[in-house]
Number of protein chains: 2
Amino acid sequence: VRAAADRIVVCSGFTQALALLAGVLAARGGRTLAVEAYGHQHHRDVVASRGLAVRPVPVDRGGAVIAELGDASGVLLTPAHQFPLGVPLAALRRTQAVAWAAAAGATIIEDDYDGEFRYDRQAIGAMQALAPDSVVYAGTASKTLAPGLRLAWLVLPADLVEDVTAAKVLADRQTSSLDQLTFAELIRSGGYDRHVRRGRQAYRRRRERLVTALRQHAPGVALSGVAAGLHAVLDLPAGQQEADVIARAAARGLAIGGLGGYATPGARHAPALVVGFGTPPAHAVTTAIARLCAVLADEVGRVPVSD
Amino acid sequence: VRAAADRIVVCSGFTQALALLAGVLAARGGRTLAVEAYGHQHHRDVVASRGLAVRPVPVDRGGAVIAELGDASGVLLTPAHQFPLGVPLAALRRTQAVAWAAAAGATIIEDDYDGEFRYDRQAIGAMQALAPDSVVYAGTASKTLAPGLRLAWLVLPADLVEDVTAAKVLADRQTSSLDQLTFAELIRSGGYDRHVRRGRQAYRRRRERLVTALRQHAPGVALSGVAAGLHAVLDLPAGQQEADVIARAAARGLAIGGLGGYATPGARHAPALVVGFGTPPAHAVTTAIARLCAVLADEVGRVPVSD
């Protein structure tokens with residue numbers, strides 16, 4: 001049994017981590033990776049570029065519907081906080097997923113993309129702990145520090161270490177030593193933990209301001225997915241189209257996404273916005289929230305609040 | 001016509017640059033990449049991992065034998081200073097290569113891996129200038145700064161920019177922004193040029209000490225390849241085996257390679273050592289050279305010099 005430290009491969013961001021894993025699964029005869037039906041198109045593109053077919057998995061209030069995984073060679077999950085729908089993967093689904101992987105000899109890729117930012121509840125443990133021989137844990141500094149750093153890490157089942165390491169060497173030998181050593185020093189000094197705690201508090205305040213403002217100015221808009229992470233899902237009132245609201249927001253200088261922008265082609269959902277609140281600089285948050293409320297109040301026929 | 005700046009893709013080291021290019025050539029229907037018969041096995045592995053067959057190209061005193069390229073989809077060359085044999089690609093071979101690429105619709109990858117370190121002559125211009133539509137220029141900071149930085153750059157034919165950029169995005173989105181911005185600032189400040197000049201002078205002195213010491217203590221050993229770069233090729237006297245000399249060097253604490261370690265399986269050559277003089281710290285150079293001379297003097301039956 002290898003110690004966890006011997007099962008870590010540092011990668012140049014989650015993109016590379018996923019590319020390496022997909023390539024290794026394909027080289028081992030894998031044909032299909034199940035991927036949550038809502039998520040980043042970029043991730044689906046990365047998987048497909050390594051020769052695996054992408055099978056969409058429906059997501060409901062319990063997270064990914066594990067019963068739909070079928071004969072896939074593996075599944076990419078966001079168990080802590082589904083992106084973009086914001087639900088955690090239910091406890092029963094977790095045990096189902098692990099049982100499925102063990103029975104099928106399949107691999108679970110656990111994308112813990114914003115596991116550091118939880119607000120309302122105890123931290124949910126990583127799935128990897130349930131089945132370290134089936135689950136690849138993927139963490140990243142993209143949300144806690146900066147995506148431009150390109151620092152991510154995999155904790156691998158022992159059986160995958162050799163192949164993923166070999167694939168990494170053939171991809172780029174290693175990730176920047178300077179960045180890795182600097183990050184290691186930041187962790188060792190305790191500065192990283194302090195930074196994450198500070199970030200969590202700042203994001204929690206942003207989230208609370210957003211929730212409060214929406215309740216007040218756009219009470220017709222249901223908000224979800226904010227127990228963790230840096231985005232909220234806003235269900236639009238019946239009859240409203242995502243594209244219309246996004247265009248109105250853009251006219252007010254807001255870059256907002258629609259749930260449709262994250263859907264697998266063919267997936268169907270009620271119109272909703274995906275509102276990231278991590279990006280604006282601190283001094284711009286108040287204005288951004290006010291503008292968002294104005295856009296939504298317009299939509300539901302209320303008097304817009306001032307900018 | 002795109003400006004050169006619009007044809008640059010920054011990569012995470014030459015390994016990634018080569019992997020992306022090989023993948024793009026394969027995706028366009030390429031089947032074979034010609035590679036100099038002497039070079040890094042790692043590069044051959046990278047090319048093969050992207051689905052291209054590797055065709056060895058003989059190297060003689062004029063560099064790669066262009067007449068042997070045949071119907072390859074492209075060729076990987078080290079025109080400024082063949083690694084490890086140390087010869088520059090002859091002027092006639094350069095024009096032959098460019099004509100071959102134009103006629104065959106093939107791609108030349110110009111690995112200018114130590115173009116910054118030339119000692120005896122005017123800088124040889126990059127092949128890329130001869131045929132910017134056929135030649136990919138690849139530069140790296142691995143020799144001038146540190147291989148651990150993982151910073152390299154491609155200057156691409158306009159026709160390849162879109163595909164290589166797309167492959168880069170699917171591989172890891174981008175190379176570390178911090179490293180890129182820091183390197184850009186180093187270039188802008190003039191500090192990079194000063195550093196390279198200083199390095200060139202330091203390496204030139206090391207080279208001269210090596211040449212002088214070998215002439216004195218191992219005159220039976222022919223030395224070549226030292227007009228540029230950070231290594232020398234030492235032809236062993238008849239009857240000496242690379243492995244024996246390498247083992248004796250190792251016994252004296254020296255890590256020396258044999259030419260065979262860089263040969264494509266099946267390539268034949270007279271026994272020779274590949275001696276890198278860039279790696280030892282400054283305070284260790286005198287001792288390292290003395291030990292090397294002692295090893296070689298042993299081999300040719302002379303009195304060893306003292307450590």
# chains A, B, ... in the order shown; residues from 1 in each chain; ligands from 1

call {"tool": "calpha_fit_and_write", "arguments": {"fixed": "chain A", "moving": "chain B", "output": "tab-separated table (two decimals) with C-alpha atoms, in the first residue's frame"}}
result
chain	number	residue	atom	x	y	z
B	1	VAL	CA	-0.10	-0.01	0.02
B	2	ARG	CA	1.40	3.32	-0.97
B	3	ALA	CA	1.21	6.25	1.42
B	4	ALA	CA	-1.01	9.10	0.23
B	5	ALA	CA	2.04	11.29	-0.42
B	6	ASP	CA	3.32	8.69	-2.90
B	7	ARG	CA	0.03	8.77	-4.76
B	8	ILE	CA	0.02	12.52	-5.45
B	9	VAL	CA	0.77	13.86	-8.91
B	10	VAL	CA	0.97	17.64	-9.25
B	11	CYS	CA	-0.54	18.83	-12.52
B	12	SER	CA	-0.73	22.08	-14.44
B	13	GLY	CA	-4.31	22.85	-13.46
B	14	PHE	CA	-7.37	20.61	-13.42
B	15	THR	CA	-7.47	20.69	-17.22
B	16	GLN	CA	-4.20	18.81	-17.42
B	17	ALA	CA	-5.20	16.48	-14.59
B	18	LEU	CA	-8.36	15.52	-16.47
B	19	ALA	CA	-6.52	15.21	-19.79
B	20	LEU	CA	-3.95	12.84	-18.28
B	21	LEU	CA	-6.58	10.72	-16.56
B	22	ALA	CA	-8.75	10.50	-19.67
B	23	GLY	CA	-5.71	9.52	-21.74
B	24	VAL	CA	-4.74	6.80	-19.27
B	25	LEU	CA	-8.28	5.42	-19.11
B	26	ALA	CA	-8.43	5.39	-22.93
B	27	ALA	CA	-5.04	3.67	-23.18
B	28	ARG	CA	-6.34	0.98	-20.81
B	29	GLY	CA	-9.26	0.27	-23.12
B	30	GLY	CA	-11.78	2.67	-21.63
B	31	ARG	CA	-14.32	3.97	-24.12
B	32	THR	CA	-16.71	6.19	-22.20
B	33	LEU	CA	-16.47	8.70	-19.38
B	34	ALA	CA	-19.71	9.66	-17.71
B	35	VAL	CA	-19.86	13.40	-17.01
B	36	GLU	CA	-22.54	15.35	-15.16
B	37	ALA	CA	-25.00	16.74	-17.70
B	38	TYR	CA	-24.35	20.25	-16.33
B	39	GLY	CA	-20.79	21.48	-16.10
B	40	HIS	CA	-18.02	23.05	-18.17
B	41	GLN	CA	-18.06	22.32	-21.88
B	42	HIS	CA	-14.28	22.66	-21.69
B	43	HIS	CA	-14.10	19.54	-19.50
B	44	ARG	CA	-16.21	17.57	-21.96
B	45	ASP	CA	-13.92	18.76	-24.78
B	46	VAL	CA	-10.81	17.67	-22.85
B	47	VAL	CA	-12.25	14.20	-22.25
B	48	ALA	CA	-13.27	13.80	-25.89
B	49	SER	CA	-9.87	14.99	-27.10
B	50	ARG	CA	-8.26	12.00	-25.36
B	51	GLY	CA	-10.39	9.50	-27.19
B	52	LEU	CA	-13.19	8.85	-24.69
B	53	ALA	CA	-16.85	9.31	-25.49
B	54	VAL	CA	-18.68	11.62	-23.07
B	55	ARG	CA	-21.88	10.19	-21.57
B	56	PRO	CA	-24.06	12.81	-19.87
B	57	VAL	CA	-25.38	11.86	-16.43
B	58	PRO	CA	-28.56	13.58	-15.23
B	59	VAL	CA	-28.27	15.73	-12.12
B	60	ASP	CA	-31.18	16.13	-9.69
B	61	ARG	CA	-31.52	17.47	-6.15
B	62	GLY	CA	-29.40	14.58	-4.88
B	63	GLY	CA	-26.62	15.34	-7.36
B	64	ALA	CA	-25.56	13.05	-10.20
B	65	VAL	CA	-27.94	10.15	-10.79
B	66	ILE	CA	-25.59	7.24	-10.19
B	67	ALA	CA	-28.09	4.69	-11.49
B	68	GLU	CA	-27.48	6.14	-14.96
B	69	LEU	CA	-23.75	5.42	-15.10
B	70	GLY	CA	-24.24	2.12	-16.89
B	71	ASP	CA	-21.11	0.60	-18.39
B	72	ALA	CA	-19.00	3.76	-18.45
B	73	SER	CA	-15.27	3.31	-17.76
B	74	GLY	CA	-15.42	6.08	-15.21
B	75	VAL	CA	-17.29	9.14	-14.08
B	76	LEU	CA	-16.34	12.75	-13.44
B	77	LEU	CA	-18.21	14.07	-10.39
B	78	THR	CA	-18.33	17.30	-8.37
B	79	PRO	CA	-19.57	15.70	-5.12
B	80	ALA	CA	-18.91	18.54	-2.68
B	81	HIS	CA	-20.81	21.15	-4.67
B	82	GLN	CA	-22.14	20.27	-8.08
B	83	PHE	CA	-21.10	22.79	-10.68
B	84	PRO	CA	-23.18	24.69	-11.61
B	85	LEU	CA	-26.32	23.39	-9.87
B	86	GLY	CA	-24.79	23.71	-6.42
B	87	VAL	CA	-26.17	20.56	-4.79
B	88	PRO	CA	-23.93	18.20	-2.85
B	89	LEU	CA	-23.93	14.55	-3.88
B	90	ALA	CA	-26.28	12.79	-1.42
B	91	ALA	CA	-24.79	10.27	1.00
B	92	LEU	CA	-26.68	7.38	-0.56
B	93	ARG	CA	-25.46	8.38	-4.03
B	94	ARG	CA	-21.90	8.37	-2.76
B	95	THR	CA	-22.10	4.81	-1.53
B	96	GLN	CA	-23.91	3.85	-4.74
B	97	ALA	CA	-21.15	5.39	-6.81
B	98	VAL	CA	-18.41	3.64	-4.90
B	99	ALA	CA	-20.21	0.30	-5.18
B	100	TRP	CA	-20.73	0.86	-8.91
B	101	ALA	CA	-17.03	1.64	-9.42
B	102	ALA	CA	-15.92	-1.42	-7.47
B	103	ALA	CA	-18.28	-3.73	-9.34
B	104	ALA	CA	-17.48	-2.30	-12.77
B	105	GLY	CA	-13.76	-1.78	-12.24
B	106	ALA	CA	-14.47	1.84	-13.09
B	107	THR	CA	-12.76	5.02	-11.91
B	108	ILE	CA	-14.42	7.93	-10.14
B	109	ILE	CA	-12.79	11.32	-10.67
B	110	GLU	CA	-13.75	13.55	-7.74
B	111	ASP	CA	-13.38	17.16	-8.82
B	112	ASP	CA	-13.25	18.99	-5.48
B	113	TYR	CA	-13.11	22.29	-7.33
B	114	ASP	CA	-14.25	24.56	-4.52
B	115	GLY	CA	-14.19	22.24	-1.52
B	116	GLU	CA	-12.44	25.00	0.45
B	117	PHE	CA	-15.44	27.31	0.33
B	118	ARG	CA	-18.26	25.92	2.43
B	119	TYR	CA	-20.45	28.19	4.52
B	120	ASP	CA	-23.55	26.61	5.99
B	121	ARG	CA	-22.48	23.25	7.18
B	122	GLN	CA	-19.71	20.97	8.22
B	123	ALA	CA	-17.19	20.18	5.54
B	124	ILE	CA	-18.37	17.17	3.55
B	125	GLY	CA	-15.64	14.56	3.50
B	126	ALA	CA	-14.02	13.70	0.22
B	127	MET	CA	-15.45	10.63	-1.53
B	128	GLN	CA	-11.89	9.50	-2.00
B	129	ALA	CA	-11.77	8.40	1.65
B	130	LEU	CA	-14.63	5.96	1.00
B	131	ALA	CA	-12.76	4.06	-1.71
B	132	PRO	CA	-9.17	5.11	-2.27
B	133	ASP	CA	-8.74	2.30	-4.80
B	134	SER	CA	-11.52	3.58	-7.06
B	135	VAL	CA	-11.61	7.33	-6.53
B	136	VAL	CA	-9.16	9.88	-7.89
B	137	TYR	CA	-9.26	13.05	-5.80
B	138	ALA	CA	-8.55	16.25	-7.73
B	139	GLY	CA	-7.81	19.51	-5.95
B	140	THR	CA	-6.72	22.86	-7.32
B	141	ALA	CA	-5.38	26.23	-6.28
B	142	SER	CA	-7.33	27.89	-9.10
B	143	LYS	CA	-10.14	29.08	-6.81
B	144	THR	CA	-8.13	29.69	-3.65
B	145	LEU	CA	-5.18	31.51	-5.26
B	146	ALA	CA	-5.51	32.07	-9.00
B	147	PRO	CA	-6.39	30.02	-12.07
B	148	GLY	CA	-3.37	31.51	-13.85
B	149	LEU	CA	-1.08	29.62	-11.48
B	150	ARG	CA	-2.02	26.30	-13.13
B	151	LEU	CA	-1.54	24.28	-9.92
B	152	ALA	CA	-3.66	21.23	-9.25
B	153	TRP	CA	-3.05	17.85	-7.66
B	154	LEU	CA	-4.35	14.35	-7.99
B	155	VAL	CA	-4.44	11.79	-5.20
B	156	LEU	CA	-4.53	8.56	-7.16
B	157	PRO	CA	-5.47	4.96	-6.54
B	158	ALA	CA	-2.16	3.10	-6.29
B	159	ASP	CA	-2.99	1.25	-9.49
B	160	LEU	CA	-3.00	4.50	-11.51
B	161	VAL	CA	0.15	6.16	-10.17
B	162	GLU	CA	2.60	4.72	-12.64
B	163	ASP	CA	0.54	5.35	-15.77
B	164	VAL	CA	-0.49	8.89	-14.80
B	165	THR	CA	3.08	9.77	-13.87
B	166	ALA	CA	4.32	8.43	-17.21
B	167	ALA	CA	1.63	10.42	-19.04
B	168	LYS	CA	2.65	13.56	-17.12
B	169	VAL	CA	6.31	13.10	-18.09
B	170	LEU	CA	5.33	12.75	-21.75
B	171	ALA	CA	3.04	15.79	-21.51
B	172	ASP	CA	5.47	18.31	-20.00
B	173	ARG	CA	7.90	16.45	-17.68
B	174	GLN	CA	6.66	18.34	-14.61
B	175	THR	CA	4.83	21.44	-13.46
B	176	SER	CA	6.93	24.56	-12.85
B	177	SER	CA	9.27	23.88	-9.93
B	178	LEU	CA	9.27	27.53	-8.88
B	179	ASP	CA	5.49	27.56	-8.59
B	180	GLN	CA	5.41	24.22	-6.77
B	181	LEU	CA	8.14	25.20	-4.30
B	182	THR	CA	6.53	28.58	-3.64
B	183	PHE	CA	3.16	26.95	-3.05
B	184	ALA	CA	4.72	24.33	-0.75
B	185	GLU	CA	6.34	27.09	1.29
B	186	LEU	CA	3.01	28.93	1.49
B	187	ILE	CA	1.36	25.77	2.83
B	188	ARG	CA	4.20	25.01	5.25
B	189	SER	CA	4.14	28.53	6.67
B	190	GLY	CA	0.44	28.36	7.48
B	191	GLY	CA	-0.12	31.29	5.14
B	192	TYR	CA	-2.22	29.23	2.75
B	193	ASP	CA	-4.65	28.16	5.49
B	194	ARG	CA	-4.97	31.75	6.68
B	195	HIS	CA	-5.54	32.93	3.14
B	196	VAL	CA	-8.28	30.33	2.53
B	197	ARG	CA	-9.99	31.20	5.82
B	198	ARG	CA	-9.87	34.89	4.98
B	199	GLY	CA	-11.23	34.17	1.51
B	200	ARG	CA	-14.01	32.02	2.93
B	201	GLN	CA	-15.10	34.85	5.24
B	202	ALA	CA	-14.97	37.40	2.44
B	203	TYR	CA	-16.96	35.20	0.08
B	204	ARG	CA	-19.45	34.37	2.82
B	205	ARG	CA	-20.09	38.10	3.29
B	206	ARG	CA	-20.56	38.58	-0.43
B	207	ARG	CA	-22.93	35.66	-0.54
B	208	GLU	CA	-24.96	37.08	2.35
B	209	ARG	CA	-25.18	40.48	0.73
B	210	LEU	CA	-26.35	38.85	-2.49
B	211	VAL	CA	-28.95	36.71	-0.71
B	212	THR	CA	-30.27	39.64	1.33
B	213	ALA	CA	-30.46	41.97	-1.66
B	214	LEU	CA	-32.24	39.43	-3.84
B	215	ARG	CA	-34.79	38.65	-1.11
B	216	GLN	CA	-35.54	42.32	-0.83
B	217	HIS	CA	-35.52	43.42	-4.45
B	218	ALA	CA	-36.35	40.29	-6.42
B	219	PRO	CA	-38.38	38.06	-4.12
B	220	GLY	CA	-39.84	36.20	-7.09
B	221	VAL	CA	-36.44	34.75	-7.92
B	222	ALA	CA	-35.57	31.48	-6.17
B	223	LEU	CA	-31.93	31.20	-5.23
B	224	SER	CA	-30.05	27.96	-4.61
B	225	GLY	CA	-26.61	26.40	-4.52
B	226	VAL	CA	-25.14	28.87	-2.07
B	227	ALA	CA	-24.20	26.51	0.77
B	228	ALA	CA	-20.73	26.51	-0.74
B	229	GLY	CA	-18.69	27.90	-3.56
B	230	LEU	CA	-18.49	31.12	-5.47
B	231	HIS	CA	-21.70	31.10	-7.46
B	232	ALA	CA	-25.46	30.99	-7.00
B	233	VAL	CA	-28.20	29.58	-9.19
B	234	LEU	CA	-31.20	31.88	-9.68
B	235	ASP	CA	-34.35	30.25	-11.04
B	236	LEU	CA	-36.12	32.71	-13.29
B	237	PRO	CA	-39.86	33.26	-13.02
B	238	ALA	CA	-41.97	31.32	-15.50
B	239	GLY	CA	-41.90	32.78	-18.97
B	240	GLN	CA	-38.53	34.49	-18.63
B	241	GLN	CA	-35.79	33.43	-21.03
B	242	GLU	CA	-32.17	33.11	-19.96
B	243	ALA	CA	-30.90	34.90	-23.04
B	244	ASP	CA	-33.14	37.92	-22.44
B	245	VAL	CA	-32.03	38.38	-18.85
B	246	ILE	CA	-28.38	37.84	-19.75
B	247	ALA	CA	-28.66	40.50	-22.45
B	248	ARG	CA	-30.25	42.97	-20.04
B	249	ALA	CA	-27.53	42.24	-17.51
B	250	ALA	CA	-24.87	42.77	-20.16
B	251	ALA	CA	-26.44	46.11	-21.01
B	252	ARG	CA	-25.82	47.08	-17.39
B	253	GLY	CA	-22.22	45.87	-17.53
B	254	LEU	CA	-22.77	42.53	-15.82
B	255	ALA	CA	-21.36	39.27	-17.19
B	256	ILE	CA	-23.87	36.65	-16.08
B	257	GLY	CA	-24.23	33.10	-17.40
B	258	GLY	CA	-27.31	31.05	-18.04
B	259	LEU	CA	-27.70	27.47	-16.91
B	260	GLY	CA	-28.00	26.57	-20.58
B	261	GLY	CA	-24.39	27.59	-21.10
B	262	TYR	CA	-23.33	24.67	-18.92
B	263	ALA	CA	-25.77	22.08	-20.22
B	264	THR	CA	-24.88	19.10	-22.35
B	265	PRO	CA	-26.62	19.57	-25.70
B	266	GLY	CA	-30.09	18.15	-25.28
B	267	ALA	CA	-30.33	18.53	-21.50
B	268	ARG	CA	-33.53	20.35	-20.45
B	269	HIS	CA	-34.05	22.61	-17.47
B	270	ALA	CA	-36.16	25.50	-16.25
B	271	PRO	CA	-34.53	28.86	-17.11
B	272	ALA	CA	-31.95	29.92	-14.54
B	273	LEU	CA	-28.96	32.17	-14.15
B	274	VAL	CA	-25.54	31.14	-12.84
B	275	VAL	CA	-24.21	34.11	-10.93
B	276	GLY	CA	-20.57	34.07	-9.90
B	277	PHE	CA	-19.81	36.39	-7.01
B	278	GLY	CA	-16.09	35.65	-6.64
B	279	THR	CA	-14.80	37.71	-9.53
B	280	PRO	CA	-15.67	41.40	-9.00
B	281	PRO	CA	-13.10	43.37	-7.01
B	282	ALA	CA	-14.25	44.21	-3.48
B	283	HIS	CA	-15.07	47.84	-4.31
B	284	ALA	CA	-17.36	46.77	-7.16
B	285	VAL	CA	-19.48	44.22	-5.32
B	286	THR	CA	-22.13	46.61	-4.02
B	287	THR	CA	-22.71	48.08	-7.44
B	288	ALA	CA	-22.75	44.68	-9.12
B	289	ILE	CA	-25.35	43.33	-6.70
B	290	ALA	CA	-27.51	46.44	-7.08
B	291	ARG	CA	-27.38	46.15	-10.87
B	292	LEU	CA	-28.26	42.47	-10.74
B	293	CYS	CA	-31.24	43.23	-8.51
B	294	ALA	CA	-32.32	45.95	-10.90
B	295	VAL	CA	-32.17	43.56	-13.84
B	296	LEU	CA	-34.18	40.92	-12.00
B	297	ALA	CA	-36.67	43.40	-10.57
B	298	ASP	CA	-37.27	44.61	-14.12
B	299	GLU	CA	-37.90	41.06	-15.16
B	300	VAL	CA	-40.44	40.35	-12.47
B	301	GLY	CA	-42.09	43.71	-13.01
B	302	ARG	CA	-40.98	45.45	-9.85
B	303	VAL	CA	-39.54	48.87	-9.44
B	304	PRO	CA	-35.81	48.65	-10.13
B	305	VAL	CA	-33.50	49.61	-7.31
B	306	SER	CA	-31.07	52.39	-8.00
B	307	ASP	CA	-27.55	51.70	-9.18

call {"tool": "select_by_dssp", "arguments": {"residues": "region 38-215 of chain B", "states": "alpha helix (DSSP H)", "output": "count of residues only"}}
result
75

call {"tool": "select_by_dssp", "arguments": {"residues": "region 1-222 of chain B", "states": "strand (DSSP E or B)", "output": "PyMOL selection string"}}
result
chain B and resi 8-11+32-36+38+53-57+59-60+63-64+74-77+107-111+118+135-140+152-155+222
